[in-house]
Structures are given as C-alpha cells and as structure tokens.
Amino acid sequence: MGSQDRVSSGPGKSGHHLVREVRSWTVAHQVFVAGVILVVTAAGSAATSDLVFDRLGGFTLSAKVAGVLIIPVIGAMAIGAAWRHDAPISVPLHPRLFWWRIVWIAGWIALVAAASCTGQLFGSQVLTGAVVRNVLIFVLITGVCQLFGVPRIAWMVTFSYTMTLLFFGAIGDDGRALWWSAPIDSSVSSVQLAVFGALCAAVVVLVSVRRPRAR
C-alpha cells in the first residue's frame with residue numbers, strides 16, 4: 001500500500017501523471033465554444049467602437065452607454081465555457097495541477113480582456129481601463145457562480161445584472177452612475193481596478209483549489 005504510493009510519486013510517473021491530468025483538464029472544458037465566443041467578443045468590440053446607445057428597442061436607457069463597455073458581457077461567457085467542468089469524466093488532482101488551473105483561467109481572462117479592447121484599435125474613445133474593469137466585474141460574477149456550483153446560470157446572472165444597470169443604473173439629468181453600476185461608467189479609477197482585480201484573483205484561487213467533478 002505504502003510502496004505503491006511511493007512508486008507513483010517517482011519523477012517519471014509524476015511527470016506522466018501531470019501530462020495526463022493536464023490533457024484531461026483541457027478535454028473536460030469547452031475550449032472550442034470559448035474560442036468562438038472570444039472571436040465574437042473581438043468582432044463586437046470592433047463593431048461598437050464608436051457607438052453610444054441611449055435606447056434599447058423601444059425603451060430609454062438610464063444613461064448613454066458606450067457599446068464597448070457592454071461587450072465584456074459576451075467575453076465573460078467565454079470564461080464560463082473555459083472554466084466550467086462539463087464532461088462525463090473526473091479530472092484527478094495533482095499538486096502542480098493547482099497552478100495549471102490558475103494559469104489556465106488567468107490566460108483566458110487576459111484573452112477576453114484583449115478581445116474586449118479591440119474597439120480601442122478602431123478608434124474608440126472609451127478608456128481601456130474602463131473596459132478592463134468591466135471584464136473583471138463580469139468575470140467575477142462568473143467566478144462566483146462557479147464557486148457556488150451553479151456555473152450554468154452564470155450567463156443569466158450576468159445578463160440580468162446588465163439589463164438592470166442599463167435601465168436603472170444611473171440617475172439625474174447627467175446620467176450619473178450609481179455605486180453598483182460601474183460597468184456603464186466610462187470613467188475608471190485605479191482603486192476600482194485594484195479592488196476588482198484582487199476579488200477576481202481571490203475567486204480564481206478559490207475555484208482552482210476545488211476538485212472538478214464529472215457530471
């Protein structure tokens with residue numbers, strides 16, 4: 001019993017074990033779907049680079065909102081797809097796989113941030129920091145849903161929050177954003193980036209230490 005554990009922990013066995021687990025981790029997540037959503041995010045950011053909306057359908061928004069500020073909602077779905085363990089297999093744990101999980105999701109967050117900022121390459125006047133802040137906020141929502149074991153409703157929570165802030169997130173004639181509706185605010189502060197960045201990092205770590213389970 002003890003000897004079997006010692007053999008399994010040898011250098012060769014350990015390396016092979018890690019490769020197998022990393023491969024399982026990749027297969028178990030919806031990489032293709034996430035990639036498609038990533039492309040849609042980049043295209044949407046480019047298409048809305050100079051657009052500002054004050055109406056949605058026949059309804060007036062609470063404030064004028066730059067299109068590129070809302071695009072990260074789509075990007076967050078890519079994070080959800082890449083993050084969610086949605087395959088009929090169990091991904092085993094390995095001490096180093098914890099770091100692989102962190103690098104995996106951090107990489108996807110970086111890709112989504114880059115895709116969401118494509119509009120800046122097409123002349124968008126919105127601050128890049130404001131777009132990145134929104135990526136962090138929507139990724140945070142997705143991560144919390146993942147943390148509580150309800151990843152399938154992440155898109156619903158994100159969509160509902162977005163609709164709420166679009167129609168009720170600002171007050172006054174100047175359309176001043178309320179404290180909870182930062183995503184529609186075209187201004188950004190270093191404090192916001194630091195706070196949401198730290199919260200995202202904490203959620204990523206917490207989710208990464210959990211063992212993915214099969215359906």
# chains A, B, ... in the order shown; residues from 1 in each chain; ligands from 1

call {"tool": "residues_around", "arguments": {"residues": "Gly67 (chain A)", "least_positions_apart": "4", "cutoff": "10 Å", "atoms": "only C-alpha atoms", "output": "NGL selection string"}}
result
:A and (44-53 or 71-72 or 119 or 124 or 126 or 184)

call {"tool": "write_last_selection", "arguments": {"atoms": "C-alpha atoms", "output": "compact mmCIF listing (two decimals), in the first residue's frame"}}
result
# COMPACT_ATOMS: atom_id res chain seq x y z
CA GLY A 44 -18.43 43.02 -31.31
CA SER A 45 -15.90 45.36 -29.74
CA ALA A 46 -14.68 46.46 -33.17
CA ALA A 47 -18.24 46.93 -34.46
CA THR A 48 -19.31 49.07 -31.49
CA SER A 49 -16.06 51.05 -31.16
CA ASP A 50 -17.74 54.38 -31.90
CA LEU A 51 -21.31 53.59 -30.89
CA VAL A 52 -23.16 55.07 -27.93
CA PHE A 53 -26.60 53.78 -27.01
CA ILE A 71 -19.14 43.82 -24.86
CA PRO A 72 -17.32 42.21 -21.88
CA GLY A 119 -12.54 48.57 -30.18
CA SER A 124 -12.92 54.02 -29.51
CA VAL A 126 -13.52 54.87 -24.08
CA ILE A 184 -21.91 51.79 -17.51

call {"tool": "residues_around", "arguments": {"residues": "Gln192 (chain A)", "least_positions_apart": "3", "cutoff": "10 Å", "atoms": "only C-alpha atoms", "output": "PyMOL selection string"}}
result
chain A and resi 129-130+133-134+136-137+182+188-189+195-198

call {"tool": "closest_atom_pairs", "arguments": {"of": "region 46-137 of chain A", "to": "region 160-177 of chain A", "cutoff": "8 Å", "atoms": "only C-alpha atoms", "output": "CSV"}}
result
residue,atom,partner,partner_atom,distance
A:Thr60,CA,A:Phe167,CA,7.4
A:Leu61,CA,A:Phe167,CA,4.8
A:Ser62,CA,A:Phe167,CA,4.8
A:Ala63,CA,A:Gly175,CA,4.7
A:Lys64,CA,A:Gly175,CA,7.3
A:Val65,CA,A:Leu166,CA,7.9
A:Ile70,CA,A:Thr162,CA,7.9
A:Val73,CA,A:Thr162,CA,7.9

call {"tool": "residues_around", "arguments": {"residues": "Ser208 (chain A)", "least_positions_apart": "6", "cutoff": "10 Å", "atoms": "only C-alpha atoms", "output": "short mmCIF file (atom, residue, chain, number, x, y, z; two decimals) with C-alpha atoms, in the first residue's frame"}}
result
data_model
loop_
_atom_site.label_atom_id
_atom_site.label_comp_id
_atom_site.auth_asym_id
_atom_site.auth_seq_id
_atom_site.Cartn_x
_atom_site.Cartn_y
_atom_site.Cartn_z
CA TRP A 83 -13.87 27.45 -16.69
CA LEU A 97 -2.32 20.99 -11.35
CA PHE A 98 -3.47 23.69 -8.92
CA TRP A 99 -1.09 26.12 -10.61
CA TRP A 100 -2.16 24.89 -14.03
CA ARG A 101 -5.76 25.79 -13.20
CA ILE A 102 -4.74 29.29 -12.14
CA VAL A 103 -2.65 29.82 -15.28
CA TRP A 104 -5.46 28.37 -17.42
CA ILE A 105 -8.17 30.74 -16.26
CA LEU A 147 -17.55 28.78 -6.82
CA ALA A 202 -9.26 35.53 -4.93
#

call {"tool": "closest_residue", "arguments": {"among": "A:Val207, A:Val112, A:Ile74, A:Leu121", "to": "Val144 (chain A)", "atoms": "only C-alpha atoms"}}
result
A:Val207

call {"tool": "select_by_dssp", "arguments": {"residues": "region 21-199 of chain A", "states": "alpha helix (DSSP H)", "output": "PyMOL selection string"}}
result
chain A and resi 21-27+31-47+67-70+72-83+97-116+118-121+128-147+154-168+190-199

call {"tool": "write_last_selection", "arguments": {"atoms": "C-alpha atoms", "output": "compact mmCIF listing (two decimals), in the first residue's frame"}}
result
# COMPACT_ATOMS: atom_id res chain seq x y z
CA GLU A 21 -4.14 15.32 -15.96
CA VAL A 22 -3.45 18.46 -17.98
CA ARG A 23 -4.79 16.71 -21.08
CA SER A 24 -7.90 15.64 -19.17
CA TRP A 25 -8.34 19.18 -17.88
CA THR A 26 -8.22 20.58 -21.42
CA VAL A 27 -10.63 17.99 -22.81
CA VAL A 31 -12.36 25.22 -25.35
CA PHE A 32 -13.90 25.37 -28.84
CA VAL A 33 -17.02 27.13 -27.58
CA ALA A 34 -14.89 29.55 -25.57
CA GLY A 35 -12.78 30.28 -28.65
CA VAL A 36 -15.82 31.06 -30.78
CA ILE A 37 -17.21 33.39 -28.12
CA LEU A 38 -13.80 35.06 -27.92
CA VAL A 39 -13.90 35.82 -31.66
CA VAL A 40 -17.45 37.17 -31.34
CA THR A 41 -16.29 39.39 -28.46
CA ALA A 42 -13.47 40.87 -30.55
CA ALA A 43 -15.79 41.42 -33.52
CA GLY A 44 -18.43 43.02 -31.31
CA SER A 45 -15.90 45.36 -29.74
CA ALA A 46 -14.68 46.46 -33.17
CA ALA A 47 -18.24 46.93 -34.46
CA GLY A 67 -21.12 49.89 -26.74
CA VAL A 68 -17.61 48.68 -25.89
CA LEU A 69 -18.46 48.84 -22.18
CA ILE A 70 -21.12 46.15 -22.59
CA PRO A 72 -17.32 42.21 -21.88
CA VAL A 73 -20.65 40.57 -21.02
CA ILE A 74 -20.12 38.37 -24.07
CA GLY A 75 -16.50 37.78 -23.16
CA ALA A 76 -17.49 36.57 -19.72
CA MET A 77 -19.39 33.73 -21.41
CA ALA A 78 -16.08 32.57 -22.92
CA ILE A 79 -14.61 32.49 -19.42
CA GLY A 80 -17.60 30.50 -18.22
CA ALA A 81 -17.21 27.96 -21.02
CA ALA A 82 -13.46 27.52 -20.46
CA TRP A 83 -13.87 27.45 -16.69
CA LEU A 97 -2.32 20.99 -11.35
CA PHE A 98 -3.47 23.69 -8.92
CA TRP A 99 -1.09 26.12 -10.61
CA TRP A 100 -2.16 24.89 -14.03
CA ARG A 101 -5.76 25.79 -13.20
CA ILE A 102 -4.74 29.29 -12.14
CA VAL A 103 -2.65 29.82 -15.28
CA TRP A 104 -5.46 28.37 -17.42
CA ILE A 105 -8.17 30.74 -16.26
CA ALA A 106 -5.83 33.74 -15.93
CA GLY A 107 -4.86 33.19 -19.55
CA TRP A 108 -8.49 33.18 -20.63
CA ILE A 109 -9.16 36.34 -18.65
CA ALA A 110 -6.25 38.01 -20.45
CA LEU A 111 -7.59 36.84 -23.82
CA VAL A 112 -11.07 38.15 -23.05
CA ALA A 113 -9.64 41.49 -21.92
CA ALA A 114 -7.65 41.77 -25.15
CA ALA A 115 -10.67 40.84 -27.27
CA SER A 116 -12.89 43.30 -25.41
CA THR A 118 -10.32 45.51 -29.82
CA GLY A 119 -12.54 48.57 -30.18
CA GLN A 120 -9.67 50.75 -28.99
CA LEU A 121 -7.77 49.73 -32.13
CA THR A 128 -9.05 50.93 -21.94
CA GLY A 129 -9.05 50.73 -18.15
CA ALA A 130 -12.85 51.07 -18.11
CA VAL A 131 -13.21 48.09 -20.45
CA VAL A 132 -10.75 46.03 -18.41
CA ARG A 133 -12.65 46.94 -15.24
CA ASN A 134 -15.85 45.63 -16.80
CA VAL A 135 -14.11 42.41 -17.82
CA LEU A 136 -13.05 41.92 -14.21
CA ILE A 137 -16.57 42.62 -12.92
CA PHE A 138 -18.31 40.19 -15.27
CA VAL A 139 -15.62 37.55 -14.79
CA LEU A 140 -16.06 37.97 -11.04
CA ILE A 141 -19.78 37.23 -11.36
CA THR A 142 -19.00 34.17 -13.48
CA GLY A 143 -16.42 33.00 -10.96
CA VAL A 144 -18.77 33.36 -8.01
CA CYS A 145 -21.34 31.21 -9.82
CA GLN A 146 -18.60 28.66 -10.47
CA LEU A 147 -17.55 28.78 -6.82
CA ALA A 154 -23.68 32.49 -14.80
CA TRP A 155 -24.81 33.92 -18.12
CA MET A 156 -28.30 34.50 -16.72
CA VAL A 157 -26.98 36.34 -13.66
CA THR A 158 -24.64 38.44 -15.80
CA PHE A 159 -27.38 39.26 -18.31
CA SER A 160 -29.88 40.18 -15.59
CA TYR A 161 -27.34 42.44 -13.88
CA THR A 162 -26.52 44.12 -17.19
CA MET A 163 -30.16 44.81 -18.01
CA THR A 164 -30.73 46.17 -14.52
CA LEU A 165 -27.84 48.61 -14.66
CA LEU A 166 -28.74 49.72 -18.20
CA PHE A 167 -32.26 50.71 -17.20
CA PHE A 168 -31.83 51.63 -13.54
CA SER A 190 -7.03 52.79 -10.13
CA VAL A 191 -8.91 51.87 -6.95
CA GLN A 192 -11.63 50.14 -8.98
CA LEU A 193 -9.08 48.18 -10.98
CA ALA A 194 -7.21 47.17 -7.83
CA VAL A 195 -10.33 46.11 -5.93
CA PHE A 196 -11.96 44.14 -8.75
CA GLY A 197 -8.60 42.68 -9.75
CA ALA A 198 -7.99 41.45 -6.20
CA LEU A 199 -11.51 39.99 -5.94

call {"tool": "atom_distance", "arguments": {"atom1": "CA of Gln125 (chain A)", "atom2": "CA of Ser186 (chain A)"}}
result
9.4 Å

call {"tool": "atom_distance", "arguments": {"atom1": "CA of Leu206 (chain A)", "atom2": "CA of Pro183 (chain A)"}}
result
24.3 Å

call {"tool": "select_by_dssp", "arguments": {"residues": "region 13-187 of chain A", "states": "strand (DSSP E)", "output": "list in words"}}
result
Val52, Phe53, Asp54, Arg55, Leu56, Phe59, Thr60, Leu61, Ser62, Ala63, Lys64, Val65, Ala66, Ala170, Ile171, Arg176 and Ala177 of chain A
